[in-house]
$ cat final_9.txt   # compact mmCIF, C-alpha atoms and all ligand atoms
# COMPACT_ATOMS: atom_id res chain seq x y z
CA MET A 419 80.66 140.15 132.89
CA PRO A 420 79.10 140.84 129.48
CA THR A 421 77.63 137.88 127.60
CA ASP A 422 76.46 137.15 124.08
CA THR A 423 72.98 138.47 123.42
CA GLN A 424 69.96 137.01 121.69
CA THR A 425 67.73 139.44 119.83
CA SER A 426 64.12 139.18 118.83
CA VAL A 427 62.94 142.28 116.94
CA LYS A 428 59.21 142.71 117.28
CA PHE A 429 56.53 143.66 114.77
CA ASN A 430 56.11 147.41 114.62
CA PRO A 431 53.89 148.69 111.79
CA GLU A 432 55.15 152.25 112.31
CA LYS A 433 58.71 151.15 111.58
CA MET A 434 57.87 149.45 108.30
CA THR A 435 59.42 151.39 105.44
CA GLN A 436 57.84 151.97 102.06
CA ARG A 437 61.28 151.62 100.43
CA TYR A 438 63.68 148.71 100.27
CA GLN A 439 65.85 148.54 103.36
CA LEU A 440 67.82 145.78 105.04
CA GLN A 441 65.97 144.54 108.12
CA GLU A 442 67.59 143.15 111.22
CA THR A 443 67.21 139.39 111.29
CA ARG A 444 64.46 138.79 113.79
CA LEU A 445 66.01 135.88 115.68
CA GLN A 446 69.73 136.42 116.05
CA GLU A 447 72.35 135.95 118.68
CA LYS A 448 75.11 138.54 118.75
CA MET A 449 78.46 137.27 119.97
CA LEU A 450 81.06 139.38 121.71
CA ASP A 451 83.57 138.63 118.95
CA GLY A 452 81.31 140.23 116.30
CA THR A 453 79.94 136.99 114.91
CA THR A 454 76.20 136.42 114.87
CA ARG A 455 74.13 133.30 114.98
CA CYS A 456 70.85 133.10 113.06
CA HIS A 457 68.07 131.13 114.75
CA LEU A 458 65.50 131.16 111.97
CA CYS A 459 66.11 127.71 110.55
CA SER A 460 67.82 124.60 111.80
CA TRP A 461 71.13 125.46 110.15
CA ARG A 462 71.61 128.08 112.90
CA CYS A 463 74.37 129.66 110.79
CA ARG A 464 77.15 131.35 112.72
CA LEU A 465 78.49 134.23 110.62
CA LYS A 466 81.32 136.73 110.66
CA HIS A 467 81.17 140.25 109.21
CA GLY A 468 80.48 140.02 105.48
CA GLN A 469 79.38 136.40 105.52
CA ARG A 470 76.01 135.26 104.33
CA GLY A 471 74.11 132.24 105.63
CA PHE A 472 73.48 128.98 103.81
CA CYS A 473 70.28 130.48 102.38
CA GLN A 474 72.23 133.57 101.16
CA ALA A 475 69.42 135.80 102.42
CA HIS A 476 71.02 136.97 105.69
CA VAL A 477 74.30 138.84 106.03
CA ASN A 478 76.39 139.84 109.02
CA ARG A 479 77.37 143.48 108.70
CA ASN A 480 79.56 144.78 111.50
CA GLY A 481 78.21 142.37 114.09
CA THR A 482 74.50 142.60 113.26
CA LEU A 483 72.65 140.17 111.06
CA TYR A 484 70.35 141.56 108.36
CA ASN A 485 67.80 140.04 106.02
CA LEU A 486 68.52 141.09 102.44
CA SER A 487 65.23 139.89 100.97
CA TYR A 488 62.67 141.71 103.13
CA GLY A 489 59.85 142.76 100.77
CA ILE A 490 61.64 141.46 97.67
CA ILE A 491 59.07 139.57 95.61
CA SER A 492 60.09 137.04 92.97
CA ALA A 493 56.62 135.89 91.94
CA ILE A 494 52.92 136.40 92.58
CA ASP A 495 49.98 134.29 91.49
CA VAL A 496 46.29 133.96 92.31
CA SER A 497 44.68 130.52 92.46
CA PRO A 498 42.28 128.37 94.51
CA ILE A 499 43.76 127.38 97.89
CA GLU A 500 43.42 123.74 96.77
CA ASP A 501 46.39 124.31 94.43
CA LYS A 502 48.86 124.75 97.33
CA PRO A 503 47.67 121.95 98.06
CA VAL A 504 45.40 122.73 101.03
CA LYS A 505 41.98 121.08 100.98
CA HIS A 506 40.52 121.42 104.45
CA PHE A 507 40.84 125.13 105.15
CA GLN A 508 38.41 127.55 103.54
CA PRO A 509 37.81 125.34 100.47
CA GLY A 510 36.77 127.24 97.38
CA SER A 511 38.57 130.41 98.45
CA GLN A 512 41.17 132.25 96.37
CA VAL A 513 44.68 132.79 97.65
CA MET A 514 47.43 135.13 96.50
CA SER A 515 50.73 133.20 96.46
CA ILE A 516 53.89 135.20 96.93
CA GLY A 517 57.54 134.20 97.11
CA SER A 518 60.93 135.80 97.54
CA TYR A 519 64.39 134.26 97.08
CA GLY A 520 66.25 131.77 99.26
CA CYS A 521 65.85 128.28 100.63
CA SER A 522 67.34 126.31 103.49
CA PHE A 523 67.63 123.20 101.29
CA ARG A 524 69.37 122.47 97.99
CA CYS A 525 67.13 119.68 96.68
CA GLY A 526 68.59 117.74 93.78
CA GLY A 527 65.19 117.68 92.05
CA CYS A 528 64.16 121.30 92.66
CA HIS A 529 62.16 122.85 89.80
CA ASN A 530 62.44 126.37 91.06
CA LEU A 531 66.17 127.05 91.31
CA ASP A 532 66.18 130.67 90.15
CA ILE A 533 63.54 131.54 92.69
CA SER A 534 63.91 129.06 95.51
CA TRP A 535 67.68 129.31 95.83
CA GLY A 536 67.76 132.67 94.09
CA VAL A 537 71.52 132.93 94.41
CA SER A 538 72.02 135.52 91.66
CA ALA A 539 69.06 137.61 92.88
CA LEU A 540 70.43 137.57 96.44
CA ASP A 541 73.93 138.41 95.17
CA GLY A 542 72.42 141.41 93.40
CA LEU A 543 70.79 142.58 96.64
CA ALA A 544 74.03 142.14 98.58
CA LYS A 545 75.88 144.25 96.03
CA GLY A 546 73.21 146.97 95.86
CA GLU A 547 72.63 146.18 92.17
CA SER A 548 69.30 144.38 92.31
CA THR A 549 66.34 145.40 90.20
CA GLU A 550 63.94 142.94 91.85
CA ALA A 551 60.49 144.21 92.87
CA TYR A 552 60.03 145.58 96.39
CA VAL A 553 56.54 145.50 97.91
CA SER A 554 56.06 146.82 101.44
CA PRO A 555 53.85 144.76 103.79
CA GLN A 556 51.05 147.36 103.62
CA GLN A 557 51.25 147.43 99.82
CA MET A 558 51.03 143.63 99.74
CA ILE A 559 47.78 143.71 101.71
CA GLU A 560 46.40 146.32 99.28
CA VAL A 561 47.42 144.18 96.29
CA ALA A 562 45.67 141.14 97.82
CA GLN A 563 42.53 143.18 98.50
CA ARG A 564 42.53 144.61 94.98
CA HIS A 565 42.63 141.08 93.59
CA GLN A 566 39.78 140.11 95.92
CA VAL A 567 41.46 137.06 97.39
CA GLN A 568 40.63 135.68 100.82
CA GLY A 569 44.19 134.79 101.80
CA ILE A 570 47.93 135.11 101.17
CA ALA A 571 50.27 132.10 100.82
CA PHE A 572 54.01 132.32 101.40
CA THR A 573 55.46 129.81 98.97
CA TYR A 574 57.89 129.27 96.03
CA SER A 575 60.88 130.15 98.25
CA GLU A 576 61.24 128.90 101.85
CA PRO A 577 59.28 131.25 104.16
CA ALA A 578 61.60 130.60 107.15
CA VAL A 579 64.45 132.46 105.44
CA TRP A 580 62.47 135.72 105.06
CA LEU A 581 60.45 135.24 108.21
CA GLU A 582 60.68 138.95 109.06
CA TYR A 583 58.48 139.84 106.08
CA VAL A 584 56.24 136.76 106.45
CA SER A 585 55.54 137.67 110.05
CA ASP A 586 54.81 141.35 109.31
CA VAL A 587 52.55 140.60 106.35
CA ALA A 588 50.72 137.86 108.29
CA GLN A 589 49.95 140.25 111.14
CA LEU A 590 48.61 142.92 108.79
CA ALA A 591 46.69 140.27 106.84
CA ARG A 592 44.90 139.10 109.96
CA GLU A 593 43.91 142.68 110.79
CA ALA A 594 42.57 142.99 107.24
CA GLY A 595 40.52 139.77 107.54
CA LEU A 596 42.77 137.71 105.24
CA TYR A 597 44.03 134.25 106.19
CA THR A 598 47.66 133.17 105.60
CA VAL A 599 49.26 129.91 104.45
CA TYR A 600 52.90 128.95 105.09
CA VAL A 601 54.21 126.42 102.54
CA SER A 602 57.41 125.03 104.01
CA ASN A 603 60.01 122.27 104.25
CA SER A 604 59.68 122.67 108.07
CA PHE A 605 63.44 122.90 108.57
CA VAL A 606 62.66 125.66 111.03
CA THR A 607 63.59 126.32 114.65
CA ASP A 608 61.10 126.15 117.49
CA GLU A 609 61.73 129.85 118.15
CA ALA A 610 60.83 130.82 114.58
CA LEU A 611 57.73 128.67 114.66
CA LYS A 612 56.59 130.31 117.90
CA GLU A 613 57.17 133.71 116.28
CA ILE A 614 54.81 133.05 113.38
CA ALA A 615 52.31 130.53 114.77
CA PRO A 616 50.10 133.16 116.46
CA HIS A 617 49.65 135.00 113.15
CA VAL A 618 49.64 132.29 110.45
CA ASP A 619 46.58 130.11 109.89
CA VAL A 620 47.84 127.17 107.83
CA LEU A 621 51.05 125.16 107.54
CA CYS A 622 51.36 123.11 104.35
CA SER A 623 54.53 121.13 105.00
CA ASP A 624 56.63 118.61 103.17
CA VAL A 625 57.40 115.30 104.81
CA LYS A 626 59.87 114.22 102.17
CA SER A 627 61.00 111.00 103.84
CA LEU A 628 61.63 109.35 107.18
CA ASP A 629 65.21 108.52 106.17
CA GLU A 630 68.04 110.71 107.39
CA GLU A 631 70.04 109.59 104.37
CA PHE A 632 67.41 110.90 101.94
CA TYR A 633 67.50 114.39 103.46
CA GLN A 634 71.30 114.43 103.49
CA ASP A 635 71.62 113.10 99.97
CA ILE A 636 68.80 115.00 98.22
CA CYS A 637 68.26 118.16 100.30
CA ARG A 638 71.73 118.74 101.80
CA ALA A 639 70.25 118.86 105.31
CA SER A 640 69.45 116.20 107.86
CA LYS A 641 67.58 115.97 111.17
CA VAL A 642 64.38 114.23 110.09
CA GLN A 643 63.20 114.13 113.67
CA ASP A 644 63.57 117.92 113.99
CA ILE A 645 61.42 118.39 110.89
CA LEU A 646 58.76 116.03 112.23
CA ASN A 647 58.88 117.75 115.62
CA SER A 648 58.36 121.15 113.96
CA ILE A 649 55.28 119.94 112.13
CA GLU A 650 53.92 118.42 115.33
CA MET A 651 54.65 121.63 117.20
CA ALA A 652 52.86 123.74 114.57
CA ASN A 653 49.83 121.51 115.06
CA LYS A 654 50.02 121.90 118.85
CA LEU A 655 50.40 125.67 118.47
CA GLY A 656 47.03 125.73 116.72
CA MET A 657 47.98 126.04 113.06
CA HIS A 658 45.88 124.05 110.60
CA VAL A 659 48.39 121.51 109.24
CA GLU A 660 48.35 119.61 105.95
CA THR A 661 51.33 117.53 104.77
CA ARG A 662 52.56 116.47 101.36
CA THR A 663 55.06 113.96 100.04
CA ASN A 664 56.58 114.13 96.58
CA ILE A 665 57.51 110.53 95.73
CA ILE A 666 60.82 110.33 93.84
CA PRO A 667 61.49 106.97 92.15
CA THR A 668 64.42 105.07 93.75
CA LYS A 669 64.89 107.82 96.38
CA ASN A 670 61.85 107.83 98.68
CA ASP A 671 59.56 105.30 97.02
CA ASP A 672 59.83 102.43 99.49
CA LEU A 673 56.27 101.47 100.36
CA ASP A 674 57.10 100.57 103.97
CA MET A 675 58.71 103.98 104.48
CA LEU A 676 55.71 105.71 102.88
CA LYS A 677 53.45 103.70 105.15
CA GLY A 678 55.62 104.95 108.02
CA ILE A 679 54.88 108.56 107.02
CA ALA A 680 51.17 107.79 106.97
CA GLN A 681 51.45 106.17 110.41
CA TRP A 682 53.34 109.20 111.75
CA ILE A 683 50.60 111.53 110.48
CA TYR A 684 47.95 109.28 112.02
CA ASP A 685 49.75 109.13 115.39
CA LYS A 686 50.86 112.75 115.68
CA LEU A 687 48.37 114.83 113.67
CA GLY A 688 45.29 112.59 113.75
CA SER A 689 43.30 110.43 111.37
CA ASP A 690 41.58 113.48 109.81
CA SER A 691 44.84 115.22 108.95
CA PRO A 692 45.14 115.56 105.15
CA TRP A 693 48.09 113.96 103.32
CA HIS A 694 48.85 114.99 99.74
CA ILE A 695 50.83 112.60 97.55
CA THR A 696 52.38 114.42 94.59
CA LYS A 697 54.16 113.27 91.47
CA PHE A 698 57.87 113.73 90.82
CA PHE A 699 58.78 115.32 87.51
CA PRO A 700 62.47 114.97 86.52
CA ALA A 701 64.56 118.11 87.05
CA TYR A 702 68.07 119.38 87.71
CA LYS A 703 70.35 116.68 89.17
CA LEU A 704 67.54 114.10 89.11
CA SER A 705 66.74 114.60 85.43
CA ASP A 706 67.66 111.02 84.64
CA LEU A 707 64.97 109.56 86.91
CA PRO A 708 61.50 108.74 85.59
CA SER A 709 58.41 110.47 86.94
CA THR A 710 56.48 108.70 89.67
CA PRO A 711 54.44 105.75 88.36
CA THR A 712 50.73 106.29 88.94
CA GLU A 713 50.48 102.72 90.23
CA LEU A 714 52.91 103.50 93.06
CA MET A 715 50.98 106.62 94.02
CA ASN A 716 47.79 104.57 94.14
CA LYS A 717 49.46 101.89 96.27
CA THR A 718 50.63 104.62 98.65
CA TYR A 719 47.04 105.83 98.86
CA ASP A 720 45.94 102.28 99.74
CA VAL A 721 48.50 101.83 102.53
CA ALA A 722 47.61 105.24 103.98
CA LYS A 723 43.97 104.19 104.04
CA GLN A 724 44.92 100.89 105.74
CA VAL A 725 46.73 102.88 108.40
CA GLY A 726 43.50 104.80 108.98
CA LEU A 727 44.08 108.20 107.36
CA LYS A 728 40.74 109.56 106.16
CA ASN A 729 41.90 112.36 103.86
CA VAL A 730 44.51 111.19 101.38
CA TYR A 731 44.88 112.91 98.01
CA VAL A 732 46.82 111.70 94.99
CA TYR A 733 47.92 114.17 92.29
CA ASP A 734 48.97 112.58 89.04
CA ASP A 735 49.61 116.00 87.47
CA LYS A 736 51.12 117.96 90.34
CA GLY A 737 54.62 118.19 91.81
CA CYS A 738 55.89 121.07 93.97
CA ASP A 739 54.17 124.43 94.33
CA CYS A 740 56.23 126.18 91.64
CA ALA A 741 56.01 129.62 90.09
CA ASP A 742 56.76 129.29 86.43
CA GLU A 743 54.03 130.76 84.27
CA ASN A 744 52.77 133.65 86.33
CA LEU A 745 52.17 137.24 85.31
CA THR A 746 55.07 139.53 86.14
CA VAL A 747 55.05 141.07 89.61
CA SER A 748 54.52 144.57 88.16
CA GLU A 749 51.32 143.42 86.43
CA TYR A 750 49.88 142.41 89.81
CA LEU A 751 50.97 145.66 91.38
CA SER A 752 49.42 147.83 88.65
CA ILE A 753 52.51 150.03 88.80
CA ASP A 754 54.68 151.04 85.90
CA ALA A 755 57.39 148.39 85.41
CA ASP A 756 60.14 151.06 85.31
CA GLU A 757 59.14 152.13 88.80
CA VAL A 758 58.92 148.57 90.19
CA TYR A 759 62.24 147.39 88.77
CA THR A 760 64.47 150.29 89.78
CA ILE A 761 67.81 149.46 91.40
CA LYS A 762 67.39 148.59 95.07
CA LYS A 763 69.81 150.16 97.46
CA CYS A 764 69.17 150.10 101.15
CA ALA A 765 67.23 153.22 102.21
CA ALA A 766 69.04 153.45 105.54
CA SER A 767 72.34 155.22 105.98
CA CYS A 768 73.74 153.40 108.99
CA CYS A 769 76.53 151.63 107.10
CA GLY A 770 78.00 154.91 106.01
CA ASP A 771 78.10 154.72 102.24
CA GLU A 772 74.97 156.80 101.69
CA GLY A 773 73.08 153.62 102.32
CA ILE A 774 74.67 151.97 99.33
CA LEU A 775 75.77 148.40 99.80
CA LEU A 776 77.85 148.45 96.64
CA LYS A 777 81.56 148.15 97.43
CA LYS A 778 80.71 146.71 100.80
CA TYR A 779 79.89 143.24 99.59
CA GLU A 780 82.12 140.51 100.94
CA SER A 781 81.24 137.11 99.61
CA LYS A 782 83.79 135.18 101.63
CA ASP A 783 85.42 135.22 105.00
S1 LIG A 801 67.69 131.38 107.69
FE1 LIG A 801 68.74 129.43 108.06
S2 LIG A 801 70.21 129.21 106.36
FE2 LIG A 801 69.56 131.38 106.43
S3 LIG A 801 71.12 132.41 107.68
FE3 LIG A 801 69.41 131.83 109.05
S4 LIG A 801 70.02 129.81 109.89
FE4 LIG A 801 71.31 130.20 108.06
S1 LIG A 802 62.39 121.53 96.39
FE1 LIG A 802 61.57 122.99 97.90
S2 LIG A 802 62.76 122.63 99.76
FE2 LIG A 802 63.89 121.72 98.07
S3 LIG A 802 65.35 123.31 97.37
FE3 LIG A 802 63.50 123.49 96.09
S4 LIG A 802 62.24 125.02 97.16
FE4 LIG A 802 63.79 124.31 98.63
$ encode --input "final_9.txt" --output "structure tokens" --more "lines below"
Ligand code: SF4
Ligand code: SF4
Amino acid sequence: MPTDTQTSVKFNPEKMTQRYQLQETRLQEKMLDGTTRCHLCSWRCRLKHGQRGFCQAHVNRNGTLYNLSYGIISAIDVSPIEDKPVKHFQPGSQVMSIGSYGCSFRCGGCHNLDISWGVSALDGLAKGESTEAYVSPQQMIEVAQRHQVQGIAFTYSEPAVWLEYVSDVAQLAREAGLYTVYVSNSFVTDEALKEIAPHVDVLCSDVKSLDEEFYQDICRASKVQDILNSIEMANKLGMHVETRTNIIPTKNDDLDMLKGIAQWIYDKLGSDSPWHITKFFPAYKLSDLPSTPTELMNKTYDVAKQVGLKNVYVYDDKGCDCADENLTVSEYLSIDADEVYTIKKCAASCCGDEGILLKKYESKD
């Protein structure tokens, strides 16, 4: 008797296209009734034909799930790795940060909405009307080499929701002698983590709180223990792990809870594991809150030291890893802007409309 099937599409450099094309979602379960289940992040969205996942970056088309954002680049920047923040992996090196569109959270204080959620950019891709930049994995390695960086960081948007591209670029980067950094909320499945862990060097992960309520209220997702387990698993799988906590006044500023995070890091990742304490700057739905008092950040540092953490860093001028004042993507690519920002229609022809997604967009069930 036939059963539902789980698919894991493997890295194949020969199959990577130089033009924008929808890519099959790497971890998906195809159901006999035509629905698909995505296993990239802990939402594990179950989708019918035409539906997109919570992140908006994956769409079920005729029983197969596709990633819309493969190779679509929202922002690029070059900076020291310490800016991510990562302090104990190749200090002093330069990293090229890249992001796409889409996140598995909807944080009330997010500074990056256009990029991190990227809803209008992802709508444009679904409709075949997008003019966002496409950079193939091989091109991305060439861009990084031309800018003489030592590594590539996947950041700004949530890497788990365009894991297909992250995984392909990371494998080519390793072959080219470049390291990779994965800046994440760690709302990721074990399967996805196992897919990327062999190829990615560093995980820089948020531990936003230990309270389920905080995640539900602020991020629209729960399962604190799953997030902690993912970080612990990344560490066990051999990734270099550094964690960060953005302290939001009245939301996750309880000193006992913050001490609990420090204790968790000490117990699960070790006393040497770096913890970065960053400042909240008011934004979006949390605009009415003040920024984090420096005194509180210093007290958090003190309790972390009491717990026994050796590498605790306080940033009075740094919040999330945002992309707001970068050069345009075309400037990094050294390609004429007209060429970079042409309309993106899927290069494949399997869906019948000369590869054009326009007219085939269904936003709702
Ligand atoms: S990446 Fe996460 S949010 Fe997006 S479709 Fe997959 S399970 Fe859903
Ligand atoms: S703050 Fe980070 S995790 Fe939260 S929505 Fe923005 S990009 Fe996503």
$ atom_distance --input "final_9.txt" --atom1 "CA of Glu660 (chain A)" --atom2 "CA of Pro503 (chain A)"
8.3 Å
$ closest_residue --input "final_9.txt" --among "A:His476, A:Arg662, A:His529, A:Arg462" --to "ligand LIG 802 (chain A)" --atoms "only C-alpha atoms and all ligand atoms"
A:His529
$ closest_atom_pairs --input "final_9.txt" --of "chain A" --to "ligand LIG 802 (chain A)" --cutoff "6 Å" --atoms "all atoms listed in the file" --output "CSV"
residue,atom,partner,partner_atom,distance
A:Cys521,CA,A:LIG802,FE4,4.9
A:Phe523,CA,A:LIG802,S3,4.5
A:Arg524,CA,A:LIG802,S3,4.2
A:Cys525,CA,A:LIG802,FE2,4.1
A:Cys528,CA,A:LIG802,FE3,4.1
A:Asn530,CA,A:LIG802,FE3,5.9
A:Ser534,CA,A:LIG802,S4,4.7
A:Ser575,CA,A:LIG802,S4,5.4
A:Asn603,CA,A:LIG802,S2,5.3
$ atom_distance --input "final_9.txt" --atom1 "CA of Gln441 (chain A)" --atom2 "CA of Val758 (chain A)"
19.7 Å
$ atom_distance --input "final_9.txt" --atom1 "CA of Ser648 (chain A)" --atom2 "CA of Val599 (chain A)"
15.8 Å
$ residues_near_ligand --input "final_9.txt" --ligand "ligand LIG 801 (chain A)" --cutoff "10 Å" --atoms "all atoms listed in the file" --output "ChimeraX atom specification"
/A:443-446,454-465,469-478,483-485,520-523,576-581,605-607,610
$ closest_residue --input "final_9.txt" --among "A:Cys738, A:Met715, A:Ile683, A:Ile649" --to "Ala701 (chain A)" --atoms "only C-alpha atoms"
A:Cys738
$ build_atoms --input "final_9.txt" --residues "region 687-711 of chain A" --atoms "N, CA and C atoms" --output "PDB file, in the frame of the given file"
ATOM      1  N   LEU A 687      49.256 113.749 114.123  1.00  0.00           N
ATOM      2  CA  LEU A 687      48.370 114.830 113.670  1.00  0.00           C
ATOM      3  C   LEU A 687      46.908 114.402 113.651  1.00  0.00           C
ATOM      4  N   GLY A 688      46.676 113.084 113.688  1.00  0.00           N
ATOM      5  CA  GLY A 688      45.290 112.590 113.750  1.00  0.00           C
ATOM      6  C   GLY A 688      44.809 111.993 112.444  1.00  0.00           C
ATOM      7  N   SER A 689      43.784 111.160 112.548  1.00  0.00           N
ATOM      8  CA  SER A 689      43.300 110.430 111.370  1.00  0.00           C
ATOM      9  C   SER A 689      42.663 111.357 110.327  1.00  0.00           C
ATOM     10  N   ASP A 690      42.209 112.537 110.759  1.00  0.00           N
ATOM     11  CA  ASP A 690      41.580 113.480 109.810  1.00  0.00           C
ATOM     12  C   ASP A 690      42.602 114.320 109.057  1.00  0.00           C
ATOM     13  N   SER A 691      43.841 114.302 109.519  1.00  0.00           N
ATOM     14  CA  SER A 691      44.840 115.220 108.950  1.00  0.00           C
ATOM     15  C   SER A 691      45.114 114.878 107.482  1.00  0.00           C
ATOM     16  N   PRO A 692      44.982 115.852 106.580  1.00  0.00           N
ATOM     17  CA  PRO A 692      45.140 115.560 105.150  1.00  0.00           C
ATOM     18  C   PRO A 692      46.588 115.254 104.768  1.00  0.00           C
ATOM     19  N   TRP A 693      46.758 114.291 103.872  1.00  0.00           N
ATOM     20  CA  TRP A 693      48.090 113.960 103.320  1.00  0.00           C
ATOM     21  C   TRP A 693      47.980 114.013 101.807  1.00  0.00           C
ATOM     22  N   HIS A 694      48.858 114.803 101.189  1.00  0.00           N
ATOM     23  CA  HIS A 694      48.850 114.990  99.740  1.00  0.00           C
ATOM     24  C   HIS A 694      50.048 114.257  99.128  1.00  0.00           C
ATOM     25  N   ILE A 695      49.766 113.378  98.204  1.00  0.00           N
ATOM     26  CA  ILE A 695      50.830 112.600  97.550  1.00  0.00           C
ATOM     27  C   ILE A 695      50.998 113.160  96.140  1.00  0.00           C
ATOM     28  N   THR A 696      52.180 113.763  95.883  1.00  0.00           N
ATOM     29  CA  THR A 696      52.380 114.420  94.590  1.00  0.00           C
ATOM     30  C   THR A 696      53.394 113.674  93.728  1.00  0.00           C
ATOM     31  N   LYS A 697      53.351 113.987  92.456  1.00  0.00           N
ATOM     32  CA  LYS A 697      54.160 113.270  91.470  1.00  0.00           C
ATOM     33  C   LYS A 697      55.502 113.971  91.259  1.00  0.00           C
ATOM     34  N   PHE A 698      56.545 113.174  91.146  1.00  0.00           N
ATOM     35  CA  PHE A 698      57.870 113.730  90.820  1.00  0.00           C
ATOM     36  C   PHE A 698      57.987 113.893  89.314  1.00  0.00           C
ATOM     37  N   PHE A 699      58.443 115.087  88.914  1.00  0.00           N
ATOM     38  CA  PHE A 699      58.780 115.320  87.510  1.00  0.00           C
ATOM     39  C   PHE A 699      60.280 115.573  87.429  1.00  0.00           C
ATOM     40  N   PRO A 700      61.003 114.863  86.547  1.00  0.00           N
ATOM     41  CA  PRO A 700      62.470 114.970  86.520  1.00  0.00           C
ATOM     42  C   PRO A 700      62.949 116.411  86.375  1.00  0.00           C
ATOM     43  N   ALA A 701      63.987 116.756  87.122  1.00  0.00           N
ATOM     44  CA  ALA A 701      64.560 118.110  87.050  1.00  0.00           C
ATOM     45  C   ALA A 701      65.967 118.094  87.610  1.00  0.00           C
ATOM     46  N   TYR A 702      66.739 119.077  87.165  1.00  0.00           N
ATOM     47  CA  TYR A 702      68.070 119.380  87.710  1.00  0.00           C
ATOM     48  C   TYR A 702      68.925 118.119  87.840  1.00  0.00           C
ATOM     49  N   LYS A 703      69.436 117.820  89.035  1.00  0.00           N
ATOM     50  CA  LYS A 703      70.350 116.680  89.170  1.00  0.00           C
ATOM     51  C   LYS A 703      69.622 115.337  89.085  1.00  0.00           C
ATOM     52  N   LEU A 704      68.307 115.354  89.175  1.00  0.00           N
ATOM     53  CA  LEU A 704      67.540 114.100  89.110  1.00  0.00           C
ATOM     54  C   LEU A 704      66.819 113.966  87.777  1.00  0.00           C
ATOM     55  N   SER A 705      67.377 114.615  86.754  1.00  0.00           N
ATOM     56  CA  SER A 705      66.740 114.600  85.430  1.00  0.00           C
ATOM     57  C   SER A 705      66.703 113.209  84.815  1.00  0.00           C
ATOM     58  N   ASP A 706      67.619 112.345  85.257  1.00  0.00           N
ATOM     59  CA  ASP A 706      67.660 111.020  84.640  1.00  0.00           C
ATOM     60  C   ASP A 706      66.666 110.039  85.261  1.00  0.00           C
ATOM     61  N   LEU A 707      65.967 110.462  86.287  1.00  0.00           N
ATOM     62  CA  LEU A 707      64.970 109.560  86.910  1.00  0.00           C
ATOM     63  C   LEU A 707      63.632 109.688  86.186  1.00  0.00           C
ATOM     64  N   PRO A 708      62.834 108.632  86.194  1.00  0.00           N
ATOM     65  CA  PRO A 708      61.500 108.740  85.590  1.00  0.00           C
ATOM     66  C   PRO A 708      60.547 109.480  86.519  1.00  0.00           C
ATOM     67  N   SER A 709      59.405 109.915  86.011  1.00  0.00           N
ATOM     68  CA  SER A 709      58.410 110.470  86.940  1.00  0.00           C
ATOM     69  C   SER A 709      57.751 109.338  87.718  1.00  0.00           C
ATOM     70  N   THR A 710      57.052 109.715  88.767  1.00  0.00           N
ATOM     71  CA  THR A 710      56.480 108.700  89.670  1.00  0.00           C
ATOM     72  C   THR A 710      55.408 107.885  88.961  1.00  0.00           C
ATOM     73  N   PRO A 711      55.507 106.549  88.989  1.00  0.00           N
ATOM     74  CA  PRO A 711      54.440 105.750  88.360  1.00  0.00           C
ATOM     75  C   PRO A 711      53.111 105.943  89.104  1.00  0.00           C
TER      76      PRO A 711
END
